[in-house]
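**Student:** File entry-v9.pdb below, PDB, C-alpha atoms:
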ATOM      1  CA  MET A   1      12.639   9.178  -3.224
ATOM      2  CA  ASN A   2      15.209   6.630  -4.309
ATOM      3  CA  LEU A   3      13.272   3.511  -5.262
ATOM      4  CA  SER A   4      14.881   0.132  -5.723
ATOM      5  CA  PRO A   5      14.233  -1.721  -9.004
ATOM      6  CA  MET A   6      12.032  -4.096  -6.966
ATOM      7  CA  ALA A   7       9.884  -1.180  -5.743
ATOM      8  CA  GLN A   8       9.745   0.333  -9.240
ATOM      9  CA  ALA A   9       8.503  -2.918 -10.773
ATOM     10  CA  THR A  10       5.950  -3.364  -7.979
ATOM     11  CA  LEU A  11       4.623   0.162  -8.518
ATOM     12  CA  LEU A  12       4.454  -0.271 -12.283
ATOM     13  CA  LEU A  13       2.444  -3.466 -11.928
ATOM     14  CA  THR A  14       0.105  -2.463  -9.090
ATOM     15  CA  SER A  15      -0.440   1.306  -8.958
ATOM     16  CA  TYR A  16      -2.379   4.018 -10.722
ATOM     17  CA  PHE A  17      -0.372   7.145 -11.562
ATOM     18  CA  SER A  18      -2.981   9.462 -13.026
ATOM     19  CA  ARG A  19      -6.555   9.520 -14.247
ATOM     20  CA  VAL A  20      -7.655   6.231 -15.692
ATOM     21  CA  ASP A  21      -8.111   6.063 -19.426
ATOM     22  CA  SER A  22     -10.327   3.338 -20.876
ATOM     23  CA  ASP A  23      -7.371   2.236 -23.037
ATOM     24  CA  ASP A  24      -5.020   1.931 -20.065
ATOM     25  CA  ALA A  25      -4.088  -1.459 -18.664
ATOM     26  CA  LYS A  26      -5.629  -1.927 -15.237
ATOM     27  CA  PRO A  27      -3.001  -2.387 -12.498
ATOM     28  CA  LEU A  28      -3.000  -5.739 -10.730
ATOM     29  CA  THR A  29      -5.278  -6.020  -7.714
ATOM     30  CA  ASN A  30      -3.909  -7.168  -4.353
ATOM     31  CA  ALA A  31      -5.041 -10.735  -5.043
ATOM     32  CA  GLU A  32      -3.669 -10.716  -8.602
ATOM     33  CA  TRP A  33      -0.349  -9.325  -7.400
ATOM     34  CA  GLY A  34      -0.254 -12.001  -4.704
ATOM     35  CA  ARG A  35      -0.680 -14.777  -7.306
ATOM     36  CA  PHE A  36       1.813 -13.236  -9.697
ATOM     37  CA  ALA A  37       4.435 -12.534  -7.018
ATOM     38  CA  LEU A  38       4.098 -16.095  -5.706
ATOM     39  CA  TRP A  39       4.568 -17.479  -9.227
ATOM     40  CA  LEU A  40       7.641 -15.276  -9.737
ATOM     41  CA  LYS A  41       9.094 -16.519  -6.451
ATOM     42  CA  GLU A  42       8.491 -20.146  -7.424
ATOM     43  CA  LYS A  43      10.390 -19.471 -10.673
ATOM     44  CA  SER A  44      13.257 -17.744  -8.762
ATOM     45  CA  VAL A  45      12.483 -14.477 -10.533
ATOM     46  CA  THR A  46      12.149 -11.125  -8.790
ATOM     47  CA  PRO A  47       9.908  -8.277  -9.929
ATOM     48  CA  ALA A  48      13.111  -6.291 -10.535
ATOM     49  CA  ASP A  49      14.120  -8.896 -13.147
ATOM     50  CA  LEU A  50      11.105  -7.779 -15.192
ATOM     51  CA  LEU A  51      12.820  -4.435 -15.763
ATOM     52  CA  THR A  52      16.088  -5.823 -17.114
ATOM     53  CA  THR A  53      15.360  -8.979 -19.074
ATOM     54  CA  ASP A  54      13.247 -10.159 -21.993
ATOM     55  CA  VAL A  55       9.852 -10.254 -20.248
ATOM     56  CA  PRO A  56       8.046 -12.490 -22.793
ATOM     57  CA  LEU A  57      10.858 -15.024 -22.510
ATOM     58  CA  LEU A  58      10.924 -14.750 -18.725
ATOM     59  CA  LEU A  59       7.164 -15.240 -18.465
ATOM     60  CA  GLN A  60       6.663 -17.786 -21.238
ATOM     61  CA  SER A  61       5.108 -20.354 -18.875
ATOM     62  CA  TRP A  62       2.899 -17.784 -17.073
ATOM     63  CA  GLN A  63      -0.792 -18.525 -17.518
ATOM     64  CA  ASP A  64      -3.637 -16.737 -15.790
ATOM     65  CA  PRO A  65      -7.028 -15.941 -17.331
ATOM     66  CA  HIS A  66      -7.107 -12.482 -15.728
ATOM     67  CA  ILE A  67      -3.479 -11.401 -16.087
ATOM     68  CA  SER A  68      -2.381 -11.568 -19.703
ATOM     69  CA  MET A  69       1.154 -11.096 -20.961
ATOM     70  CA  ALA A  70      -0.063  -8.027 -22.889
ATOM     71  CA  ARG A  71      -1.396  -6.508 -19.669
ATOM     72  CA  ILE A  72       1.893  -7.099 -17.838
ATOM     73  CA  LEU A  73       3.883  -5.581 -20.714
ATOM     74  CA  ALA A  74       1.587  -2.546 -20.898
ATOM     75  CA  LEU A  75       1.945  -1.979 -17.141
ATOM     76  CA  LEU A  76       5.731  -2.310 -17.256
ATOM     77  CA  ASN A  77       5.927   0.227 -20.095
ATOM     78  CA  ARG A  78       4.656   3.080 -17.899
ATOM     79  CA  GLY A  79       8.098   4.226 -16.727
ATOM     80  CA  HIS A  80       7.532   7.837 -17.774
ATOM     81  CA  SER A  81       4.247   7.989 -15.853
ATOM     82  CA  LEU A  82       5.961   6.479 -12.821
ATOM     83  CA  ALA A  83       8.718   9.112 -12.934
ATOM     84  CA  LEU A  84       6.148  11.919 -13.045
ATOM     85  CA  ALA A  85       4.158  10.347 -10.194
ATOM     86  CA  ILE A  86       7.270   9.982  -8.018
ATOM     87  CA  GLU A  87       8.074  13.653  -8.526
ATOM     88  CA  LYS A  88       4.499  14.602  -7.556
ATOM     89  CA  TRP A  89       4.577  12.365  -4.453
ATOM     90  CA  GLN A  90       7.903  13.846  -3.356
ATOM     91  CA  ARG A  91       6.575  17.402  -3.657
ATOM     92  CA  ALA A  92       3.592  16.383  -1.516
ATOM     93  CA  GLY A  93       5.885  14.901   1.171
ATOM     94  CA  LEU A  94       4.630  11.344   0.682
ATOM     95  CA  TRP A  95       6.615   8.166   1.162
ATOM     96  CA  LEU A  96       5.853   4.633   0.073
ATOM     97  CA  VAL A  97       6.798   1.136   1.126
ATOM     98  CA  THR A  98       6.361  -2.050  -0.845
ATOM     99  CA  ARG A  99       5.771  -5.520   0.515
ATOM    100  CA  SER A 100       9.424  -6.338  -0.129
ATOM    101  CA  ASP A 101      10.724  -3.397   1.947
ATOM    102  CA  PRO A 102      11.887  -4.042   5.529
ATOM    103  CA  GLU A 103       9.713  -1.142   6.812
ATOM    104  CA  TYR A 104       6.521  -2.785   5.538
ATOM    105  CA  PRO A 105       4.231  -3.607   8.499
ATOM    106  CA  TRP A 106       5.052  -7.180   9.420
ATOM    107  CA  ARG A 107       1.666  -7.753  11.076
ATOM    108  CA  LEU A 108      -0.085  -6.871   7.840
ATOM    109  CA  LYS A 109       2.055  -9.364   5.931
ATOM    110  CA  GLN A 110       1.592 -11.986   8.620
ATOM    111  CA  ARG A 111      -2.206 -11.698   8.734
ATOM    112  CA  LEU A 112      -3.068 -11.038   5.081
ATOM    113  CA  LYS A 113      -0.207 -12.982   3.505
ATOM    114  CA  THR A 114      -0.399 -12.670  -0.319
ATOM    115  CA  ASP A 115      -3.512 -10.459  -0.045
ATOM    116  CA  SER A 116      -1.621  -7.697   1.767
ATOM    117  CA  PRO A 117      -1.410  -4.489  -0.278
ATOM    118  CA  PRO A 118       1.710  -4.499  -2.452
ATOM    119  CA  VAL A 119       2.303  -0.768  -1.835
ATOM    120  CA  LEU A 120       1.464   1.534   1.072
ATOM    121  CA  PHE A 121       1.617   5.318   0.698
ATOM    122  CA  GLY A 122       1.900   7.650   3.663
ATOM    123  CA  CYS A 123       3.326  10.752   5.251
ATOM    124  CA  GLY A 124       4.838  11.225   8.667
ATOM    125  CA  ASN A 125       6.719   8.702  10.751
ATOM    126  CA  LYS A 126       6.965   5.398   8.846
ATOM    127  CA  ALA A 127       8.212   3.600  11.987
ATOM    128  CA  LEU A 128       4.719   3.864  13.515
ATOM    129  CA  LEU A 129       3.529   1.191  11.087
ATOM    130  CA  ASN A 130       5.195  -1.551  13.124
ATOM    131  CA  LEU A 131       4.149  -0.424  16.601
ATOM    132  CA  SER A 132       1.280  -1.722  18.681
ATOM    133  CA  GLY A 133      -1.920   0.145  18.063
ATOM    134  CA  LEU A 134      -5.526   0.571  19.093
ATOM    135  CA  ALA A 135      -7.956   0.813  16.191
ATOM    136  CA  VAL A 136     -10.957   3.082  16.685
ATOM    137  CA  VAL A 137     -13.683   3.597  14.097
ATOM    138  CA  GLY A 138     -17.200   4.822  14.509
ATOM    139  CA  SER A 139     -20.010   7.059  13.468
ATOM    140  CA  ARG A 140     -19.496  10.409  11.815
ATOM    141  CA  ASN A 141     -22.660  11.617  13.506
ATOM    142  CA  ALA A 142     -21.959  10.452  17.048
ATOM    143  CA  ARG A 143     -23.584  11.901  20.156
ATOM    144  CA  GLU A 144     -21.552  14.270  22.304
ATOM    145  CA  THR A 145     -21.211  11.640  25.059
ATOM    146  CA  ASP A 146     -19.731   9.203  22.523
ATOM    147  CA  ILE A 147     -17.291  11.862  21.290
ATOM    148  CA  GLU A 148     -16.162  12.585  24.860
ATOM    149  CA  PHE A 149     -15.730   8.872  25.587
ATOM    150  CA  THR A 150     -13.717   8.373  22.397
ATOM    151  CA  THR A 151     -11.510  11.399  23.114
ATOM    152  CA  ARG A 152     -10.709   9.901  26.532
ATOM    153  CA  ALA A 153      -9.947   6.525  24.890
ATOM    154  CA  GLY A 154      -7.465   8.250  22.573
ATOM    155  CA  ALA A 155      -5.845   9.994  25.545
ATOM    156  CA  LYS A 156      -5.569   6.677  27.444
ATOM    157  CA  ALA A 157      -3.951   5.056  24.414
ATOM    158  CA  ALA A 158      -1.383   7.890  24.373
ATOM    159  CA  ALA A 159      -0.723   7.458  28.107
ATOM    160  CA  ALA A 160      -0.127   3.733  27.513
ATOM    161  CA  ASN A 161       2.256   4.540  24.628
ATOM    162  CA  VAL A 162      -0.053   2.803  22.154
ATOM    163  CA  ALA A 163      -0.590   4.402  18.749
ATOM    164  CA  LEU A 164      -4.176   5.270  17.864
ATOM    165  CA  VAL A 165      -5.181   3.956  14.418
ATOM    166  CA  SER A 166      -8.267   5.300  12.702
ATOM    167  CA  GLY A 167      -9.734   6.460   9.419
ATOM    168  CA  GLY A 168      -9.619  10.124  10.347
ATOM    169  CA  ALA A 169     -13.237  10.865   9.429
ATOM    170  CA  ARG A 170     -15.156  13.455  11.440
ATOM    171  CA  GLY A 171     -16.921  12.145  14.490
ATOM    172  CA  VAL A 172     -15.582   9.186  16.462
ATOM    173  CA  ASP A 173     -12.449   8.663  14.337
ATOM    174  CA  GLU A 174     -11.364  12.294  14.601
ATOM    175  CA  ALA A 175     -12.131  12.497  18.325
ATOM    176  CA  ALA A 176     -10.001   9.426  19.108
ATOM    177  CA  MET A 177      -7.083  10.726  17.065
ATOM    178  CA  LEU A 178      -7.293  14.195  18.611
ATOM    179  CA  GLY A 179      -7.459  12.654  22.090
ATOM    180  CA  ALA A 180      -4.198  10.821  21.411
ATOM    181  CA  ILE A 181      -2.467  13.815  19.825
ATOM    182  CA  GLN A 182      -3.520  16.213  22.614
ATOM    183  CA  GLU A 183      -1.723  13.919  25.063
ATOM    184  CA  ASN A 184       1.410  13.828  22.875
ATOM    185  CA  GLY A 185       0.608  10.347  21.616
ATOM    186  CA  SER A 186       0.804   8.932  18.126
ATOM    187  CA  ALA A 187      -2.089   8.756  15.689
ATOM    188  CA  ILE A 188      -2.111   6.871  12.413
ATOM    189  CA  GLY A 189      -4.756   7.736   9.834
ATOM    190  CA  VAL A 190      -5.582   5.029   7.314
ATOM    191  CA  MET A 191      -7.384   6.389   4.298
TER     192      MET A 191
END
Please rewrite the model in this file as structure tokens.

**Tutor:**
Amino acid sequence: MNLSPMAQATLLLTSYFSRVDSDDAKPLTNAEWGRFALWLKEKSVTPADLLTTDVPLLLQSWQDPHISMARILALLNRGHSLALAIEKWQRAGLWLVTRSDPEYPWRLKQRLKTDSPPVLFGCGNKALLNLSGLAVVGSRNARETDIEFTTRAGAKAAAANVALVSGGARGVDEAAMLGAIQENGSAIGVM
């Protein structure tokens, strides 16, 4: 996993790497990251710049009641934890994309704008993220007739070359995904 400085800075500011300690700085939420990233853009600063320059000087005009300079500095100083997390993710076969990466789902960015998640983790074919899809979610305790119907819906999505998107939980979600996979279609599980 060869991460750009932009991706590294985004991960440092927005992601958890291990169990949370009460003393740890809380990573920025999607909304907080959206505000901060927008401010950086307005100042012609990239997140990558936060890794190579004097951060207090760079952010001297930054003011937000929920995102203090101390919090940003604490988050940026987690490089060792990030390195360990990257190694763990690689061993597990996971990939990640940040909002600044070209593989990031454009529909997600288009619809959610600055509230779109700054980082997406996954495994499998990353290209599926930008294909058309049919979302199916439902009860975990569905009746057999509902399971059969949903399995057929997944199969029809596969026949139409439309990826099936679901949460992967037992019941309706699982049946739809299995219906697509059994017909050699694509299924995307969003956890």

**Student:** Just the residues within 12 Å of Ala70 in chain A, please, counting all atoms listed in the file, with nothing from its chain fewer than 4 positions along; format it as a short mmCIF file (atom, residue, chain, number, x, y, z; two decimals) with C-alpha atoms, in the coordinates of the input.

**Tutor:**
data_model
loop_
_atom_site.label_atom_id
_atom_site.label_comp_id
_atom_site.auth_asym_id
_atom_site.auth_seq_id
_atom_site.Cartn_x
_atom_site.Cartn_y
_atom_site.Cartn_z
CA ASP A 24 -5.02 1.93 -20.07
CA ALA A 25 -4.09 -1.46 -18.66
CA LYS A 26 -5.63 -1.93 -15.24
CA VAL A 55 9.85 -10.25 -20.25
CA PRO A 56 8.05 -12.49 -22.79
CA LEU A 59 7.16 -15.24 -18.46
CA GLN A 60 6.66 -17.79 -21.24
CA TRP A 62 2.90 -17.78 -17.07
CA GLN A 63 -0.79 -18.52 -17.52
CA ASP A 64 -3.64 -16.74 -15.79
CA PRO A 65 -7.03 -15.94 -17.33
CA HIS A 66 -7.11 -12.48 -15.73
CA ALA A 74 1.59 -2.55 -20.90
CA LEU A 75 1.94 -1.98 -17.14
CA LEU A 76 5.73 -2.31 -17.26
CA ASN A 77 5.93 0.23 -20.10
#

**Student:** Separation of CA of Ile181 in chain A and CA of Arg143 in chain A, in Å?

**Tutor:**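 It comes out at 21.2 Å.
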
**Student:** Decode the PyMOL selection byres ((chain A and resi 112-121) around 6) for the given file into explicit residues and return them as a list in words.

**Tutor:**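 Applying the expression gives Asn30, Ala31, Gly34, Trp95, Leu96, Val97, Thr98, Arg99, Leu108, Lys109, Gln110, Arg111 and Gly122 of chain A.
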
**Student:** Would you mind exporting the chosen residues as a CSV table (one decimal), in the frame of the given file, restricted to C-alpha atoms?

**Tutor:**
chain,number,residue,atom,x,y,z
A,30,ASN,CA,-3.9,-7.2,-4.4
A,31,ALA,CA,-5.0,-10.7,-5.0
A,34,GLY,CA,-0.3,-12.0,-4.7
A,95,TRP,CA,6.6,8.2,1.2
A,96,LEU,CA,5.9,4.6,0.1
A,97,VAL,CA,6.8,1.1,1.1
A,98,THR,CA,6.4,-2.0,-0.8
A,99,ARG,CA,5.8,-5.5,0.5
A,108,LEU,CA,-0.1,-6.9,7.8
A,109,LYS,CA,2.1,-9.4,5.9
A,110,GLN,CA,1.6,-12.0,8.6
A,111,ARG,CA,-2.2,-11.7,8.7
A,122,GLY,CA,1.9,7.6,3.7

**Student:** Find the residues near Gly168 in chain A: any atom within 8 Å, counting all atoms listed in the file, skip ones fewer than 3 places away on the same chain, and give them as a list in words.

**Tutor:** Asp173, Glu174, Met177, Gly189, Val190 and Met191 of chain A

**Student:** Rounded to one decimal, what separation in Å do you get between CA of Ala155 in chain A and CA of Gly93 in chain A?

**Tutor:** 27.5 Å

**Student:** Run through the PyMOL selection byres ((chain A and resi 158-166) around 6) on the given coordinates and return the selected residues as a list in words.

**Tutor:**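 For this structure, the PyMOL selection byres ((chain A and resi 158-166) around 6) captures Ser132, Gly133, Leu134, Ala135, Val136, Val137, Ala155, Lys156, Ala157, Gly167, Gly168, Asp173, Ala180, Gly185, Ser186, Ala187, Ile188 and Gly189 of chain A.
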
**Student:** Given the file shown, enumerate the residues that the PyMOL selection byres ((chain A and resi 82) around 9) captures and present them as a PyMOL selection string.

**Tutor:** chain A and resi 8+11-12+16-17+78-81+83-87

**Student:** Each side padded by 3 Å, which centre and which edge lengths in Å (one decimal) define the axis-aligned box around the listed atoms of range 175-182 of chain A? Give them as JSON.

**Tutor:**
{"center_x": -7.3, "center_y": 12.8, "center_z": 19.8, "size_x": 15.7, "size_y": 12.8, "size_z": 11.5}

**Student:** So, with all atoms listed in the file as the atoms that count, which of A:Ala153, A:Ile147, A:Val20, A:Leu40 lies closest to Val172 in chain A?

**Tutor:**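 Result for the nearest residue to Val172 in chain A: A:Ile147.
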
**Student:** What separation in Å, quoted to one decimal, exists between CA of Gly171 in chain A and CA of Arg140 in chain A?

**Tutor:**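 Distance reported for this atom pair: 4.1 Å.
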
**Student:** Nearest to Leu131 in chain A among A:Glu32, A:Glu103, A:Glu42, A:Glu183, with distances taken over all atoms listed in the file: which residue is it?

**Tutor:**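 Checking each of A:Glu32, A:Glu103, A:Glu42, A:Glu183 against Leu131 in chain A, counting all atoms listed in the file, the winner is A:Glu103.
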
**Student:** Counting all atoms listed in the file, which residue out of A:Ser100, A:Leu94, A:Ile67, A:Ala142 sits closest to Gly124 in chain A?

**Tutor:**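 Smallest separation from Gly124 in chain A among the options: A:Leu94.
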
**Student:** Considering all atoms listed in the file, can you say which of A:Asn2, A:Ser68, A:Thr53, A:Thr151 comes closest to Pro27 in chain A?

**Tutor:** A:Ser68
